[in-house]
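**Student:** For reference, the structure I am asking about is given below.
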Amino acid sequence: MDENSTPITEETTFEKMLDETFTTIHNGGIVKGTVLRVTSTEVTVDLGYKSDGIILKSEFTDDNNAHLPDIVKPGDEFDVFIIRVNDGDGNVMVSKKKLDNQMGYKLLEQAYADKTPLPGKVTEVIRGGLMANIHGCKAFVPSSQIAGRFVEDLNQFKGKEFHFHILELDRRKRRIVAGRKELALQEAQQHRDALFSTLEVGAHLTGTVSRLVDFGAFIDLGGVDGLIHVSELSWKRVRKASDVLKVGDTVNITVIAIDPEKNKISLTMKDPEANPWKDIEERFPVDSIVEGTVVRLAPFGAFVKLDDGIDGLVHVSQISQRRITKPDEELAIGQTISVLVTAIDTENRKISLSKKQADIELGYVTPEYDDEDDEEPPEEEPPTTPAEPSTEEEATAEE
């Protein structure tokens, strides 16, 4: 025996035999691991080696919000990638994520070539869009590719699972761009077809305000939008939808018109039971004198509020005994006046009023000349409700 060689003893023989039973591992290798312990920061796995493997949370998942005990448990088995056989403290550092990424890339490459969608989960909201985990790979989802329409608040997608198309894939640059716009449009069309097949005029629904425009509010009915025109928001006069609603509000609405060919659903928030016009002739009989408040002046006359949702028109010729050319020569917004009800058109929801006749009836003034000899300005009464938006306006707004 060489005097410099290690003497063979029973202990060294047992150590050699024990080493031979261990799995041979090396940096960059792939071995099967069995989970032994799980904490919030790392997973310990048995590699069949003399040292256990340690998987840090960052090497297990890309989801920073993930709680490891919720997604892995002792006894689970999976392949792991050997990062370092010895980290200096005798630990074997391994990664599950690297193998998932490699396998995921193969799936993504195939899906990209075949143009087939893959399931994924939105993990975070970033500038310009979202980040999603698709088969263990990080993918960027631009804001323009998230839905079939513009979405202002992207946080509503965080933590949710969807199917995505792979739009761009560069493995060398580790760049993956995904999107679900086409899929979202298909889903919306399916929802639309199902809704239009069952929806009826008069149906009572609940929806969410998805968008506000000058002429009304768009309501999400579950992937399909309906429109509440500004004139249908309330029995009271509403100038713009943002005065009574905000995006995200939940509203109860009634369907008043359906046009499947144009994909249009017209809605109202008006409660028929609260219709201020249903007993108008009893509350404001013709030839009765009532009080009202001047709420709007126009070149042809003054609008006077008689009650909530009830405005009447005093034509410029019926404001004063003397000849005037503009209502503001006698009246001001906010002024309370007495008027005589001269006519009611319930079908068109119009009430004609006369301050001049009321003043005579109340004895405030006496006629100074014969009105029949006067040449009155032509009657030019506009509709009491705002005009419906043109098709072009709605199309532009919907885009």
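Just remember, in the structure tokens the first chain shown is A, the second B, etc., residues are 1-based per chain, and ligands are 1-based in the order shown.
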Can you pull out the residues contacting Gly226 (chain A)? Cut-off 6 Å, using only C-alpha atoms, and skip same-chain residues under 4 positions away; I want them as a list in words.

**Tutor:** Phe218, Ile219, Ile265 and Ser266 of chain A

**Student:** Do a neighbour search on Leu36 (chain A) at 7 Å with only C-alpha atoms, toss out local chain neighbours closer than 6 positions, and write the hits as a compact mmCIF listing (two decimals) with all heavy atoms, in the first residue's frame.

**Tutor:**
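Printed below is part29.txt as written:
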```
# COMPACT_ATOMS: atom_id res chain seq x y z
N THR A 44 -38.73 23.38 0.07
CA THR A 44 -37.63 22.43 0.21
C THR A 44 -38.04 21.11 -0.45
O THR A 44 -39.14 20.59 -0.20
CB THR A 44 -37.30 22.17 1.68
OG1 THR A 44 -36.99 23.42 2.32
CG2 THR A 44 -36.09 21.24 1.82
N VAL A 45 -37.14 20.57 -1.32
CA VAL A 45 -37.47 19.34 -2.05
C VAL A 45 -36.36 18.30 -1.85
O VAL A 45 -35.18 18.62 -1.74
CB VAL A 45 -37.66 19.61 -3.56
CG1 VAL A 45 -38.91 20.44 -3.80
CG2 VAL A 45 -36.44 20.30 -4.16
N ASP A 46 -36.79 17.05 -1.81
CA ASP A 46 -35.86 15.92 -1.76
C ASP A 46 -35.46 15.57 -3.18
O ASP A 46 -36.31 15.25 -4.02
CB ASP A 46 -36.56 14.72 -1.08
CG ASP A 46 -35.67 13.47 -1.04
OD1 ASP A 46 -34.47 13.58 -1.36
OD2 ASP A 46 -36.20 12.40 -0.70
N PRO A 74 -46.50 19.48 0.70
CA PRO A 74 -45.60 18.33 0.86
C PRO A 74 -46.13 17.10 0.15
O PRO A 74 -47.32 16.79 0.19
CB PRO A 74 -45.56 18.12 2.39
CG PRO A 74 -45.81 19.49 2.94
CD PRO A 74 -46.81 20.11 2.00
N GLY A 75 -45.22 16.40 -0.53
CA GLY A 75 -45.60 15.21 -1.28
C GLY A 75 -45.73 15.46 -2.76
O GLY A 75 -45.68 14.51 -3.57
```

**Student:** So which one's closest to Gly90 (chain A), A:Thr61, A:Ser242, A:Ser51, A:Thr123? Using only C-alpha atoms, please.

**Tutor:**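 Of the candidates, the smallest distance to Gly90 (chain A) is held by A:Ser51.
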
**Student:** Could you pull out the alpha helix (DSSP H) residues of region 88-164 of chain A from DSSP and send them as a VMD selection string?

**Tutor:** chain A and resid 97 to 114

**Student:** Measuring between only C-alpha atoms, which one of A:Ile55, A:Ile30, A:Val38, A:Ala139 shows the shortest distance to Leu99 (chain A)?

**Tutor:** A:Ile30

**Student:** Measuring between only C-alpha atoms, which one of A:Asp170, A:Asp220, A:Glu261, A:Glu281 shows the shortest distance to Ala188 (chain A)?

**Tutor:**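 The answer is A:Asp220, which sits nearest to Ala188 (chain A).
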
**Student:** DSSP says strand (DSSP E or B) for which residues of region 173-339 of chain A? Put them as a VMD selection string?

**Tutor:** chain A and resid 175 to 179 204 to 213 216 to 220 225 to 229 250 to 259 264 to 268 289 to 298 301 to 307 310 to 315 336 to 339

**Student:** Skip Thr250 (chain A) itself and residues of its chain fewer than 5 positions away, then list as a PyMOL selection string all residues within 8 Å of it, counting only C-alpha atoms.

**Tutor:** chain A and resi 206-209

**Student:** Keeping only N, CA, C and O atoms, write the selected residues as a PDB file, in the first residue's frame.

**Tutor:**
```pdb
ATOM      1  N   THR A 206     -80.821  45.234 -14.683  1.00  0.00           N
ATOM      2  CA  THR A 206     -79.823  45.937 -13.885  1.00  0.00           C
ATOM      3  C   THR A 206     -78.535  45.962 -14.688  1.00  0.00           C
ATOM      4  O   THR A 206     -78.130  44.950 -15.267  1.00  0.00           O
ATOM      5  N   GLY A 207     -77.888  47.119 -14.742  1.00  0.00           N
ATOM      6  CA  GLY A 207     -76.649  47.253 -15.505  1.00  0.00           C
ATOM      7  C   GLY A 207     -75.665  48.167 -14.807  1.00  0.00           C
ATOM      8  O   GLY A 207     -75.964  48.746 -13.766  1.00  0.00           O
ATOM      9  N   THR A 208     -74.493  48.283 -15.408  1.00  0.00           N
ATOM     10  CA  THR A 208     -73.425  49.120 -14.854  1.00  0.00           C
ATOM     11  C   THR A 208     -73.053  50.196 -15.857  1.00  0.00           C
ATOM     12  O   THR A 208     -72.885  49.907 -17.049  1.00  0.00           O
ATOM     13  N   VAL A 209     -72.925  51.425 -15.395  1.00  0.00           N
ATOM     14  CA  VAL A 209     -72.543  52.534 -16.281  1.00  0.00           C
ATOM     15  C   VAL A 209     -71.113  52.295 -16.770  1.00  0.00           C
ATOM     16  O   VAL A 209     -70.174  52.246 -15.979  1.00  0.00           O
TER      17      VAL A 209
END
```

**Student:** Expressed in Å to a single decimal, how great is the separation between CA of Asp243 (chain A) and CA of Val230 (chain A)?

**Tutor:**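 According to the coordinates, CA of Asp243 (chain A) and CA of Val230 (chain A) are separated by 10.1 Å.
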
**Student:** Find the residues near Ile258 (chain A): any atom within 10 Å, counting only C-alpha atoms, skip ones fewer than 2 places away on the same chain, and give them as a ChimeraX atom specification.

**Tutor:** /A:196,199-201,226,255-256,260-267

**Student:** Have a look at A:Ala343, A:Ile83, A:Val125, A:Val94 and name the one nearest to Lys57 (chain A); count only C-alpha atoms.

**Tutor:** A:Val94

**Student:** I'd like the interatomic distance between CA of Ala194 (chain A) and CA of Arg149 (chain A), to a tenth of an Å.

**Tutor:**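 These two atoms are separated by 19.5 Å.
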
**Student:** Quote the spacing between CA of Asp345 (chain A) and CA of Asp271 (chain A) in Å to one decimal place.

**Tutor:**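 Going from CA of Asp345 (chain A) over to CA of Asp271 (chain A) covers 20.8 Å.
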
**Student:** Find the spatial neighbours of Ile319 (chain A), counting only C-alpha atoms, within a cut-off of 9 Å - ignore same-chain residues fewer than 2 positions away - and output them as a JSON list (two decimals) with N, CA, C and O atoms, in the first residue's frame.

**Tutor:**
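Below is the file that was written, around-v7.json:
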```json
[["chain", "number", "residue", "atom", "x", "y", "z"],
["A", 301, "GLY", "N", -89.51, 82.92, -26.08],
["A", 301, "GLY", "CA", -90.31, 82.92, -24.86],
["A", 301, "GLY", "C", -89.53, 82.46, -23.64],
["A", 301, "GLY", "O", -88.30, 82.36, -23.68],
["A", 302, "ALA", "N", -90.27, 82.18, -22.57],
["A", 302, "ALA", "CA", -89.65, 81.77, -21.32],
["A", 302, "ALA", "C", -90.25, 80.44, -20.86],
["A", 302, "ALA", "O", -91.46, 80.23, -20.93],
["A", 314, "VAL", "N", -94.14, 80.20, -21.81],
["A", 314, "VAL", "CA", -94.81, 81.49, -21.97],
["A", 314, "VAL", "C", -94.22, 82.12, -23.23],
["A", 314, "VAL", "O", -93.06, 82.54, -23.23],
["A", 315, "HIS", "N", -95.04, 82.15, -24.30],
["A", 315, "HIS", "CA", -94.54, 82.74, -25.54],
["A", 315, "HIS", "C", -94.25, 84.21, -25.31],
["A", 315, "HIS", "O", -94.87, 84.87, -24.47],
["A", 316, "VAL", "N", -93.30, 84.76, -26.04],
["A", 316, "VAL", "CA", -92.91, 86.16, -25.85],
["A", 316, "VAL", "C", -94.09, 87.10, -25.99],
["A", 316, "VAL", "O", -94.16, 88.15, -25.33],
["A", 317, "SER", "N", -95.07, 86.71, -26.78],
["A", 317, "SER", "CA", -96.25, 87.56, -26.98],
["A", 317, "SER", "C", -97.19, 87.51, -25.77],
["A", 317, "SER", "O", -98.12, 88.32, -25.66],
["A", 321, "GLN", "N", -98.20, 93.14, -21.29],
["A", 321, "GLN", "CA", -99.21, 93.93, -22.01],
["A", 321, "GLN", "C", -98.54, 94.80, -23.06],
["A", 321, "GLN", "O", -99.12, 95.07, -24.11],
["A", 322, "ARG", "N", -97.36, 95.24, -22.77],
["A", 322, "ARG", "CA", -96.65, 96.07, -23.75],
["A", 322, "ARG", "C", -95.87, 95.18, -24.71],
["A", 322, "ARG", "O", -95.59, 94.02, -24.42],
["A", 324, "ILE", "N", -92.89, 93.55, -26.41],
["A", 324, "ILE", "CA", -91.47, 93.29, -26.16],
["A", 324, "ILE", "C", -90.96, 92.35, -27.23],
["A", 324, "ILE", "O", -91.73, 91.62, -27.87],
["A", 327, "PRO", "N", -87.68, 88.04, -24.10],
["A", 327, "PRO", "CA", -88.22, 87.74, -22.76],
["A", 327, "PRO", "C", -87.47, 88.45, -21.63],
["A", 327, "PRO", "O", -88.08, 88.82, -20.63],
["A", 330, "GLU", "N", -88.57, 91.59, -19.57],
["A", 330, "GLU", "CA", -89.54, 91.55, -18.48],
["A", 330, "GLU", "C", -89.21, 90.52, -17.41],
["A", 330, "GLU", "O", -89.58, 90.67, -16.26],
["A", 331, "LEU", "N", -88.50, 89.45, -17.82],
["A", 331, "LEU", "CA", -88.29, 88.32, -16.91],
["A", 331, "LEU", "C", -86.82, 88.02, -16.70],
["A", 331, "LEU", "O", -85.97, 88.38, -17.53],
["A", 354, "SER", "N", -99.68, 81.83, -20.09],
["A", 354, "SER", "CA", -99.75, 83.27, -20.39],
["A", 354, "SER", "C", -99.61, 84.06, -19.10],
["A", 354, "SER", "O", -100.46, 83.95, -18.19],
["A", 355, "LYS", "N", -98.56, 84.84, -19.02],
["A", 355, "LYS", "CA", -98.41, 85.75, -17.89],
["A", 355, "LYS", "C", -99.31, 86.97, -18.10],
["A", 355, "LYS", "O", -99.87, 87.53, -17.15],
["A", 356, "LYS", "N", -99.45, 87.38, -19.34],
["A", 356, "LYS", "CA", -100.25, 88.55, -19.67],
["A", 356, "LYS", "C", -101.70, 88.34, -19.23],
["A", 356, "LYS", "O", -102.30, 89.22, -18.59],
["A", 357, "GLN", "N", -102.28, 87.19, -19.53],
["A", 357, "GLN", "CA", -103.67, 86.92, -19.15],
["A", 357, "GLN", "C", -103.82, 86.76, -17.64],
["A", 357, "GLN", "O", -104.82, 87.19, -17.05]]
```
